[in-house]
>>> print(open('work14.txt').read())   # compact mmCIF, C-alpha atoms
# COMPACT_ATOMS: atom_id res chain seq x y z
CA MET A 297 142.86 -8.82 218.15
CA GLN A 298 144.26 -11.99 219.51
CA SER A 299 143.42 -13.70 216.26
CA ARG A 300 145.26 -11.04 214.26
CA GLY A 301 148.29 -11.31 216.51
CA SER A 302 148.40 -15.06 216.14
CA ASN A 303 148.19 -14.84 212.39
CA ALA A 304 151.04 -12.33 212.35
CA ARG A 305 153.29 -14.69 214.35
CA PHE A 306 152.48 -17.59 212.00
CA SER A 307 153.17 -15.31 209.04
CA ALA A 308 156.57 -14.29 210.47
CA MET A 309 157.47 -17.93 211.14
CA GLY A 310 156.55 -18.84 207.55
CA MET A 311 158.86 -16.14 206.22
CA ARG A 312 161.84 -17.28 208.43
CA SER A 313 161.55 -21.01 207.52
CA PRO A 314 162.59 -20.75 203.80
CA ILE A 315 165.55 -18.55 204.77
CA SER A 316 166.77 -21.07 207.38
CA SER A 317 166.46 -23.98 204.90
CA LEU A 318 168.47 -22.09 202.32
CA MET A 319 171.21 -21.34 204.81
CA LEU A 320 171.31 -24.96 205.92
CA ALA A 321 171.56 -26.16 202.33
CA MET A 322 174.38 -23.74 201.61
CA PHE A 323 176.20 -24.85 204.74
CA ALA A 324 175.83 -28.54 203.82
CA THR A 325 177.11 -27.90 200.31
CA MET A 326 180.15 -26.03 201.59
CA ALA A 327 180.84 -28.81 204.08
CA SER A 328 180.61 -31.41 201.32
CA PHE A 329 183.09 -29.46 199.19
CA TYR A 330 185.41 -29.12 202.19
CA VAL A 331 185.34 -32.84 203.03
CA ALA A 332 185.78 -33.81 199.37
CA GLY A 333 188.72 -31.42 199.08
CA ARG A 334 190.41 -32.87 202.14
CA LEU A 335 189.91 -36.40 200.91
CA TRP A 336 191.35 -35.51 197.50
CA GLN A 337 194.29 -33.74 199.14
CA ASP A 338 194.96 -36.77 201.37
CA ALA A 339 194.89 -39.04 198.34
CA GLN A 340 197.35 -36.80 196.52
CA ASN A 341 199.62 -36.75 199.54
CA ARG A 342 199.59 -40.52 199.74
CA VAL A 343 200.52 -40.77 196.04
CA TYR A 344 203.33 -38.25 196.53
CA PHE A 345 204.76 -39.96 199.59
CA THR A 346 204.55 -43.37 197.90
CA LYS A 347 206.50 -42.07 194.91
CA GLU A 348 209.11 -40.49 197.18
CA LEU A 349 209.46 -43.71 199.18
CA ASP A 350 209.90 -45.73 195.98
CA ARG A 351 212.47 -43.24 194.71
CA ILE A 352 214.49 -43.35 197.95
CA THR A 353 214.41 -47.14 198.29
CA GLY A 354 215.10 -47.68 194.57
CA GLN A 355 212.08 -49.87 194.04
CA GLY A 356 210.50 -47.75 191.34
CA HIS A 357 206.82 -48.18 190.78
CA SER A 358 206.76 -52.01 190.92
CA ALA A 359 205.39 -53.93 193.83
CA ILE A 360 206.61 -57.48 194.61
CA SER A 361 203.84 -59.92 195.29
CA VAL A 362 204.08 -62.87 197.66
CA ALA A 363 204.41 -65.24 194.70
CA ASP A 364 207.30 -63.21 193.30
CA THR A 365 209.00 -63.20 196.69
CA LEU A 366 208.78 -67.00 196.88
CA LYS A 367 210.26 -67.28 193.40
CA ILE A 368 213.20 -65.10 194.43
CA ILE A 369 213.83 -67.25 197.49
CA GLU A 370 213.69 -70.39 195.35
CA CYS A 371 216.16 -68.90 192.86
CA ARG A 372 218.56 -68.11 195.67
CA GLU A 373 218.32 -71.68 196.94
CA GLN A 374 218.98 -72.99 193.43
CA ARG A 375 222.01 -70.71 193.14
CA LYS A 376 223.38 -72.11 196.41
CA LYS A 377 222.89 -75.66 195.11
CA LEU A 378 224.60 -74.72 191.83
CA SER A 379 227.59 -73.29 193.70
CA ALA A 380 227.85 -76.50 195.73
CA LEU A 381 227.73 -78.60 192.55
CA GLU A 382 230.43 -76.45 190.96
CA MET A 383 232.65 -77.06 193.98
CA GLU A 384 232.01 -80.79 193.75
CA LEU A 385 232.83 -80.69 190.04
CA ALA A 386 236.12 -78.90 190.72
CA ALA A 387 236.99 -81.51 193.33
CA ALA A 388 236.11 -84.28 190.87
CA ARG A 389 238.43 -82.73 188.30
CA GLN A 390 241.24 -82.75 190.82
CA GLU A 391 240.46 -86.40 191.49
CA GLY A 392 240.75 -87.15 187.78
CA PHE A 393 237.12 -88.34 187.49
CA ILE A 394 238.19 -91.68 188.94
CA SER A 395 235.53 -94.36 188.72
CA LYS A 396 235.37 -97.84 190.17
CA GLN A 397 236.67 -100.42 187.75
CA SER A 398 237.34 -104.11 187.76
CA SER A 399 240.83 -105.52 188.07
CA ASP A 400 240.76 -106.66 184.45
CA MET A 401 243.31 -104.53 182.62
CA SER A 402 241.83 -105.24 179.18
CA LYS A 403 239.93 -102.33 177.61
CA THR A 404 238.74 -101.54 174.15
CA SER A 405 239.79 -98.46 172.21
CA GLU A 406 236.29 -97.03 172.67
CA GLN A 407 236.74 -97.16 176.46
CA GLY A 408 240.10 -95.41 176.33
CA PRO A 409 243.51 -96.94 177.03
CA VAL A 410 244.58 -98.48 180.31
CA ILE A 411 247.99 -96.87 180.15
CA VAL A 412 249.85 -94.36 177.99
CA ILE A 413 253.59 -95.04 177.91
CA GLY A 414 255.93 -92.27 176.87
CA ILE A 415 259.29 -93.61 175.73
CA PHE A 416 261.71 -90.72 176.08
CA THR A 417 264.13 -90.53 173.18
CA SER A 418 266.30 -87.94 171.45
CA PHE A 419 267.98 -87.24 168.13
CA GLY A 420 270.44 -89.83 166.84
CA ARG A 421 268.96 -92.77 168.76
CA LYS A 422 267.13 -94.59 165.98
CA ASN A 423 268.92 -97.87 166.74
CA ASP A 424 267.60 -97.80 170.30
CA ARG A 425 264.09 -97.10 169.05
CA ASP A 426 264.27 -99.98 166.59
CA ALA A 427 265.41 -102.29 169.40
CA ILE A 428 262.41 -101.23 171.47
CA ARG A 429 260.06 -101.81 168.53
CA LYS A 430 261.38 -105.34 168.02
CA ALA A 431 261.51 -106.23 171.71
CA TRP A 432 258.36 -105.10 173.48
CA MET A 433 256.69 -102.26 171.65
CA SER A 434 255.64 -104.62 168.88
CA THR A 435 255.23 -103.74 165.22
CA ALA A 436 251.48 -104.35 165.52
CA LEU A 437 251.06 -101.10 167.45
CA LYS A 438 247.39 -100.65 166.58
CA LYS A 439 246.57 -104.19 167.69
CA MET A 440 248.34 -103.58 171.01
CA GLU A 441 246.23 -100.49 171.59
CA GLU A 442 242.93 -102.16 170.72
CA LYS A 443 243.46 -105.52 172.43
CA LYS A 444 245.49 -104.58 175.51
CA GLY A 445 244.57 -100.95 175.94
CA ILE A 446 248.22 -99.90 175.84
CA VAL A 447 249.37 -96.79 173.99
CA ALA A 448 253.14 -96.47 173.52
CA ARG A 449 254.82 -93.50 171.84
CA PHE A 450 258.36 -92.22 171.47
CA VAL A 451 258.46 -88.74 173.01
CA ILE A 452 260.69 -86.09 171.49
CA GLY A 453 260.82 -82.33 171.04
CA ARG A 454 261.97 -80.19 168.13
CA SER A 455 265.44 -79.09 167.12
CA ALA A 456 266.73 -75.70 168.24
CA ASN A 457 267.09 -74.99 164.53
CA ARG A 458 263.54 -75.87 163.72
CA GLY A 459 263.04 -77.62 160.41
CA ASP A 460 266.67 -78.74 160.06
CA SER A 461 267.90 -82.23 159.17
CA LEU A 462 267.25 -83.50 162.72
CA ASP A 463 263.57 -82.56 162.56
CA MET A 464 263.24 -83.91 159.02
CA SER A 465 264.82 -87.21 160.09
CA ILE A 466 262.24 -87.65 162.89
CA ASP A 467 259.37 -86.67 160.60
CA SER A 468 260.55 -89.18 157.99
CA GLU A 469 260.83 -91.97 160.58
CA ASN A 470 257.41 -91.12 162.01
CA SER A 471 255.81 -91.24 158.56
CA GLN A 472 256.87 -94.89 158.38
CA THR A 473 256.19 -96.01 161.97
CA ASN A 474 253.54 -93.55 163.21
CA ASP A 475 254.70 -94.08 166.80
CA PHE A 476 256.00 -90.65 167.86
CA PHE A 477 254.51 -88.14 170.25
CA ILE A 478 256.21 -84.92 169.14
CA LEU A 479 256.21 -81.97 171.53
CA GLU A 480 256.06 -79.18 168.99
CA ASN A 481 256.73 -76.36 171.45
CA HIS A 482 259.65 -78.01 173.24
CA VAL A 483 263.29 -77.71 172.25
CA GLU A 484 265.04 -81.07 172.58
CA ALA A 485 268.06 -80.66 174.87
CA PRO A 486 269.50 -82.68 177.80
CA GLU A 487 269.21 -79.72 180.18
CA GLU A 488 265.49 -79.37 179.33
CA LEU A 489 264.55 -82.94 180.30
CA SER A 490 262.53 -81.85 183.35
CA LYS A 491 260.40 -79.50 181.25
CA LYS A 492 260.00 -82.23 178.64
CA THR A 493 258.67 -84.62 181.29
CA LYS A 494 256.16 -82.05 182.52
CA LEU A 495 254.96 -81.32 178.98
CA PHE A 496 254.60 -85.00 178.17
CA PHE A 497 252.31 -85.73 181.12
CA ALA A 498 250.32 -82.54 180.53
CA HIS A 499 249.77 -83.18 176.81
CA ALA A 500 249.23 -86.92 177.28
CA ALA A 501 246.48 -86.23 179.83
CA ASP A 502 244.90 -83.83 177.35
CA SER A 503 245.15 -86.30 174.46
CA TRP A 504 244.13 -89.60 176.12
CA THR A 505 241.84 -90.47 179.01
CA ALA A 506 243.79 -93.37 180.46
CA ASP A 507 243.95 -94.95 183.90
CA TYR A 508 247.74 -94.57 184.07
CA TYR A 509 250.56 -92.66 182.42
CA ALA A 510 254.15 -93.91 182.41
CA LYS A 511 257.54 -92.47 181.57
CA VAL A 512 260.33 -94.81 180.46
CA ASN A 513 263.73 -94.29 178.84
CA ASP A 514 264.48 -95.63 175.37
CA ASN A 515 267.18 -97.94 176.71
CA VAL A 516 264.78 -99.84 179.00
CA PHE A 517 262.90 -103.02 178.12
CA VAL A 518 259.45 -103.39 179.69
CA ASN A 519 257.48 -106.54 180.51
CA LEU A 520 253.98 -105.35 179.64
CA ASP A 521 252.20 -108.34 181.19
CA SER A 522 253.97 -107.87 184.50
CA LEU A 523 253.30 -104.12 184.36
CA GLY A 524 249.59 -104.70 183.74
CA ASN A 525 249.26 -107.18 186.61
CA THR A 526 250.97 -104.77 188.98
CA LEU A 527 248.84 -101.76 188.03
CA ALA A 528 245.61 -103.74 188.31
CA SER A 529 245.99 -103.80 192.10
CA TYR A 530 245.98 -99.99 192.31
CA LEU A 531 242.87 -99.18 190.26
CA SER A 532 240.96 -98.23 193.41
CA VAL A 533 243.63 -95.70 194.45
CA PRO A 534 242.83 -92.34 192.82
CA ARG A 535 246.23 -90.68 193.32
CA VAL A 536 249.13 -93.12 193.09
CA TYR A 537 252.81 -92.65 192.18
CA ILE A 538 254.61 -95.95 191.53
CA GLY A 539 258.27 -96.61 190.91
CA CYS A 540 261.64 -97.58 192.29
CA MET A 541 261.83 -94.97 195.06
CA LYS A 542 265.21 -93.57 195.94
CA SER A 543 266.94 -90.57 197.45
CA GLY A 544 270.46 -89.27 196.99
CA GLU A 545 273.00 -86.55 197.51
CA VAL A 546 272.42 -83.02 196.28
CA PHE A 547 275.55 -81.75 194.55
CA SER A 548 276.27 -78.05 194.96
CA GLU A 549 279.55 -77.87 193.04
CA GLN A 550 279.23 -76.24 189.63
CA GLY A 551 280.64 -78.39 186.88
CA HIS A 552 279.62 -81.64 188.58
CA LYS A 553 277.70 -84.05 186.37
CA TRP A 554 274.71 -84.00 188.72
CA TYR A 555 274.96 -80.33 189.78
CA GLU A 556 271.75 -78.92 191.25
CA PRO A 557 271.46 -75.10 190.91
CA ASP A 558 268.79 -75.03 193.64
CA TRP A 559 270.86 -77.15 196.05
CA TRP A 560 270.26 -74.72 198.95
CA LYS A 561 266.55 -75.48 198.95
CA PHE A 562 267.18 -79.05 200.11
CA GLY A 563 268.61 -78.08 203.49
CA ASP A 564 271.97 -78.51 205.20
CA GLY A 565 271.86 -82.28 204.78
CA LYS A 566 271.95 -81.88 200.97
CA THR A 567 269.77 -84.93 200.41
CA TYR A 568 266.91 -85.27 197.95
CA PHE A 569 263.47 -86.35 199.15
CA ARG A 570 262.12 -89.74 198.06
CA HIS A 571 261.23 -89.92 194.38
CA ALA A 572 260.85 -92.57 191.69
CA SER A 573 263.89 -93.39 189.56
CA THR A 574 263.81 -91.86 186.09
CA GLU A 575 264.17 -95.17 184.19
CA LEU A 576 260.49 -96.09 184.68
CA PHE A 577 257.67 -94.77 186.83
CA VAL A 578 253.86 -94.58 186.61
CA ILE A 579 251.31 -92.04 187.81
CA SER A 580 247.53 -92.27 187.90
CA ARG A 581 245.09 -90.23 185.84
CA ALA A 582 244.39 -87.77 188.66
CA LEU A 583 248.07 -86.88 188.96
CA ALA A 584 248.48 -86.47 185.21
CA ARG A 585 245.48 -84.12 185.22
CA TYR A 586 247.02 -82.30 188.18
CA ILE A 587 250.19 -81.71 186.16
CA SER A 588 248.17 -80.60 183.13
CA ILE A 589 246.11 -78.09 185.11
CA ASN A 590 249.06 -76.67 187.06
CA ARG A 591 251.77 -76.90 184.41
CA SER A 592 252.53 -73.18 184.58
CA LEU A 593 253.02 -73.30 188.37
CA LEU A 594 255.00 -76.51 188.84
CA ARG A 595 258.71 -75.92 189.46
CA THR A 596 261.33 -77.97 187.62
CA TYR A 597 264.76 -78.88 188.97
CA ALA A 598 267.94 -80.08 187.29
CA HIS A 599 266.72 -83.70 187.16
CA ASP A 600 263.38 -84.86 185.84
CA ASP A 601 262.80 -87.57 188.47
CA VAL A 602 263.45 -85.09 191.28
CA SER A 603 261.10 -82.60 189.63
CA VAL A 604 258.25 -85.11 189.40
CA GLY A 605 258.79 -86.13 193.02
CA SER A 606 258.65 -82.49 194.12
CA TRP A 607 255.22 -82.04 192.53
CA PHE A 608 253.73 -84.78 194.70
CA ILE A 609 255.69 -84.44 197.95
CA GLY A 610 253.20 -81.99 199.46
CA ALA A 611 250.06 -83.50 197.93
CA ASN A 612 247.76 -86.26 199.16
CA VAL A 613 249.42 -88.91 197.00
CA LYS A 614 250.13 -92.56 197.70
CA HIS A 615 253.82 -93.27 197.06
CA VAL A 616 254.48 -96.90 196.14
CA ASP A 617 258.05 -98.16 196.31
CA ASP A 618 257.94 -101.27 194.12
CA ARG A 619 261.32 -102.91 193.60
CA LYS A 620 260.03 -104.53 190.38
CA PHE A 621 260.37 -101.04 188.87
CA CYS A 622 264.12 -100.99 189.60
CA CYS A 623 265.59 -101.55 186.14
CA SER A 624 269.22 -102.17 187.12
CA SER A 625 268.76 -105.95 186.86
CA TRP A 626 266.27 -108.32 185.27
CA SER A 627 265.04 -110.60 188.04
CA SER A 628 262.07 -112.94 188.30
CA GLY A 629 258.85 -110.96 188.05
CA ALA A 630 260.68 -107.75 187.19
CA ILE A 631 258.86 -105.18 185.12
CA CYS A 632 261.85 -103.60 183.42
CA SER A 633 265.49 -104.06 182.58
CA GLY A 634 268.04 -101.50 181.46
CA VAL A 635 270.28 -102.08 178.48
>>> encode(input="work14.txt", output="structure tokens")
Amino acid sequence: MQSRGSNARFSAMGMRSPISSLMLAMFATMASFYVAGRLWQDAQNRVYFTKELDRITGQGHSAISVADTLKIIECREQRKKLSALEMELAAARQEGFISKQSSDMSKTSEQGPVIVIGIFTSFGRKNDRDAIRKAWMSTALKKMEEKKGIVARFVIGRSANRGDSLDMSIDSENSQTNDFFILENHVEAPEELSKKTKLFFAHAADSWTADYYAKVNDNVFVNLDSLGNTLASYLSVPRVYIGCMKSGEVFSEQGHKWYEPDWWKFGDGKTYFRHASTELFVISRALARYISINRSLLRTYAHDDVSVGSWFIGANVKHVDDRKFCCSSWSSGAICSGV
């Protein structure tokens, strides 16, 4: 009996064991599916949140590596250096690209002229121009440019009636002498002399890269050797304004020969500031470039010498009062003499 009872218990245990294993297997399978589902859902959530973060921050789907970040930093540094160089270049332009040179005033045509001299003339003054050509301008104009580095041109505008006999007379004379610098967009008139002076320096600076630029009247004789020796001592000065400096009364009465429409700007004393006399004065390359760049902003007054002085009065310019530039008398060592 005991043996039968024992066998029955073993038989019942054998029947329960396969059922328990099946349940355990089913439970394990369901757990695996559950864990896999959660992992997949977490992965999907991470993808979704990453996309949303990229969309909000505007980064899109790209990721910046460390190498790319370093390249961006390097580019920014290069951009800063470029900006600094551009500022230095702008400053150099204002300086006129002045370079150190020797005191020898002789230059070849390939190097550019030492000085460009604008001889201001007008219609009906051919006799004065011929006198200048015979006296100091020399008929061998090309040789003077190549050997001495001096460019000299008669400066004139156009007639108010463009193409008339006055213009044709100048064109005919220039075809024979080839020594005019014609301001095509300027109307030749005494009251426009200040504008003519500004245009001359602006266009001369654009046409020639010289060390100096000079303005002289067509009734003034110039000693070129003395002029060259004087200018040689100022080659190291980047912004220099040389002439016979003067001042004078500002006339406010209309109809006066020297009437100044803007007289009130010069104060109650009615006295002009220091400026170089109109007969002859010289400016350096940097100042000629300054006039060229700012031609549309520079104010002109009734007199050309006052106008030029006004352009430099507030700038960092060396004013040189050299009495050898006073053309009222021809003295020993003088640079000029008026007729």
>>> atom_distance(input="work14.txt", atom1="atom CA of Thr505 of chain A", atom2="atom CA of Tyr597 of chain A")
27.5 Å
>>> atom_distance(input="work14.txt", atom1="atom CA of Ile411 of chain A", atom2="atom CA of Leu523 of chain A")
9.9 Å
>>> closest_residue(input="work14.txt", among="A:Lys443, A:Lys620, A:Arg458, A:His571", to="Glu484 of chain A", atoms="all atoms listed in the file")
A:Arg458
>>> atom_distance(input="work14.txt", atom1="atom CA of Ile538 of chain A", atom2="atom CA of Arg421 of chain A")
27.1 Å
>>> residues_around(input="work14.txt", residues="segment 583-596 of chain A", least_positions_apart="2", cutoff="8 Å", atoms="all atoms listed in the file", output="ChimeraX atom specification")
/A:389-390,392,490-491,494-495,497-502,509,535-536,579-581,598-600,603-604,607
>>> closest_residue(input="work14.txt", among="A:Cys371, A:Met541, A:Ala485, A:Leu527", to="Val616 of chain A", atoms="all atoms listed in the file")
A:Met541
>>> closest_residue(input="work14.txt", among="A:Phe476, A:Phe416, A:Phe517, A:Tyr530", to="Gly634 of chain A", atoms="only C-alpha atoms")
A:Phe517
>>> decode(input="work14.txt", residues="segment 409-431 of chain A", atoms="N, CA and C atoms", output="PDB file, in the first residue's frame")
ATOM      1  N   PRO A 409      57.128 110.274 -61.760  1.00  0.00           N
ATOM      2  CA  PRO A 409      57.763 111.588 -61.629  1.00  0.00           C
ATOM      3  C   PRO A 409      57.977 111.996 -60.176  1.00  0.00           C
ATOM      4  N   VAL A 410      58.934 112.888 -59.985  1.00  0.00           N
ATOM      5  CA  VAL A 410      59.147 113.477 -58.670  1.00  0.00           C
ATOM      6  C   VAL A 410      58.032 114.470 -58.363  1.00  0.00           C
ATOM      7  N   ILE A 411      57.711 115.290 -59.357  1.00  0.00           N
ATOM      8  CA  ILE A 411      56.717 116.332 -59.142  1.00  0.00           C
ATOM      9  C   ILE A 411      55.899 116.553 -60.410  1.00  0.00           C
ATOM     10  N   VAL A 412      54.624 116.800 -60.225  1.00  0.00           N
ATOM     11  CA  VAL A 412      53.718 117.185 -61.313  1.00  0.00           C
ATOM     12  C   VAL A 412      53.347 118.644 -61.089  1.00  0.00           C
ATOM     13  N   ILE A 413      53.677 119.485 -62.060  1.00  0.00           N
ATOM     14  CA  ILE A 413      53.428 120.922 -61.945  1.00  0.00           C
ATOM     15  C   ILE A 413      52.278 121.304 -62.862  1.00  0.00           C
ATOM     16  N   GLY A 414      51.234 121.844 -62.274  1.00  0.00           N
ATOM     17  CA  GLY A 414      50.108 122.333 -63.047  1.00  0.00           C
ATOM     18  C   GLY A 414      50.203 123.836 -63.207  1.00  0.00           C
ATOM     19  N   ILE A 415      50.387 124.273 -64.447  1.00  0.00           N
ATOM     20  CA  ILE A 415      50.502 125.709 -64.744  1.00  0.00           C
ATOM     21  C   ILE A 415      49.116 126.207 -65.133  1.00  0.00           C
ATOM     22  N   PHE A 416      48.491 126.962 -64.246  1.00  0.00           N
ATOM     23  CA  PHE A 416      47.113 127.381 -64.474  1.00  0.00           C
ATOM     24  C   PHE A 416      47.058 128.504 -65.501  1.00  0.00           C
ATOM     25  N   THR A 417      46.307 128.245 -66.561  1.00  0.00           N
ATOM     26  CA  THR A 417      46.176 129.210 -67.644  1.00  0.00           C
ATOM     27  C   THR A 417      44.703 129.334 -68.015  1.00  0.00           C
ATOM     28  N   SER A 418      44.426 130.213 -68.972  1.00  0.00           N
ATOM     29  CA  SER A 418      43.045 130.411 -69.419  1.00  0.00           C
ATOM     30  C   SER A 418      43.056 130.797 -70.888  1.00  0.00           C
ATOM     31  N   PHE A 419      41.886 130.999 -71.447  1.00  0.00           N
ATOM     32  CA  PHE A 419      41.779 131.347 -72.862  1.00  0.00           C
ATOM     33  C   PHE A 419      42.408 132.721 -73.120  1.00  0.00           C
ATOM     34  N   GLY A 420      43.023 132.854 -74.292  1.00  0.00           N
ATOM     35  CA  GLY A 420      43.597 134.132 -74.690  1.00  0.00           C
ATOM     36  C   GLY A 420      44.940 134.447 -74.071  1.00  0.00           C
ATOM     37  N   ARG A 421      45.617 133.468 -73.501  1.00  0.00           N
ATOM     38  CA  ARG A 421      46.908 133.718 -72.849  1.00  0.00           C
ATOM     39  C   ARG A 421      48.033 132.893 -73.489  1.00  0.00           C
ATOM     40  N   LYS A 422      47.975 132.765 -74.794  1.00  0.00           N
ATOM     41  CA  LYS A 422      48.992 131.989 -75.505  1.00  0.00           C
ATOM     42  C   LYS A 422      50.373 132.620 -75.379  1.00  0.00           C
ATOM     43  N   ASN A 423      50.439 133.946 -75.393  1.00  0.00           N
ATOM     44  CA  ASN A 423      51.741 134.613 -75.277  1.00  0.00           C
ATOM     45  C   ASN A 423      52.410 134.274 -73.947  1.00  0.00           C
ATOM     46  N   ASP A 424      51.627 134.226 -72.886  1.00  0.00           N
ATOM     47  CA  ASP A 424      52.188 133.869 -71.576  1.00  0.00           C
ATOM     48  C   ASP A 424      52.672 132.421 -71.574  1.00  0.00           C
ATOM     49  N   ARG A 425      51.916 131.549 -72.217  1.00  0.00           N
ATOM     50  CA  ARG A 425      52.335 130.145 -72.279  1.00  0.00           C
ATOM     51  C   ARG A 425      53.615 129.997 -73.086  1.00  0.00           C
ATOM     52  N   ASP A 426      53.726 130.712 -74.181  1.00  0.00           N
ATOM     53  CA  ASP A 426      54.947 130.644 -74.984  1.00  0.00           C
ATOM     54  C   ASP A 426      56.145 131.152 -74.196  1.00  0.00           C
ATOM     55  N   ALA A 427      55.934 132.184 -73.378  1.00  0.00           N
ATOM     56  CA  ALA A 427      57.031 132.722 -72.557  1.00  0.00           C
ATOM     57  C   ALA A 427      57.487 131.681 -71.542  1.00  0.00           C
ATOM     58  N   ILE A 428      56.526 130.957 -70.969  1.00  0.00           N
ATOM     59  CA  ILE A 428      56.872 129.894 -70.018  1.00  0.00           C
ATOM     60  C   ILE A 428      57.644 128.783 -70.717  1.00  0.00           C
ATOM     61  N   ARG A 429      57.206 128.416 -71.913  1.00  0.00           N
ATOM     62  CA  ARG A 429      57.879 127.344 -72.657  1.00  0.00           C
ATOM     63  C   ARG A 429      59.326 127.711 -72.960  1.00  0.00           C
ATOM     64  N   LYS A 430      59.567 128.953 -73.303  1.00  0.00           N
ATOM     65  CA  LYS A 430      60.924 129.387 -73.642  1.00  0.00           C
ATOM     66  C   LYS A 430      61.789 129.556 -72.406  1.00  0.00           C
ATOM     67  N   ALA A 431      61.171 129.942 -71.283  1.00  0.00           N
ATOM     68  CA  ALA A 431      61.946 130.280 -70.091  1.00  0.00           C
ATOM     69  C   ALA A 431      62.332 129.051 -69.272  1.00  0.00           C
TER      70      ALA A 431
END
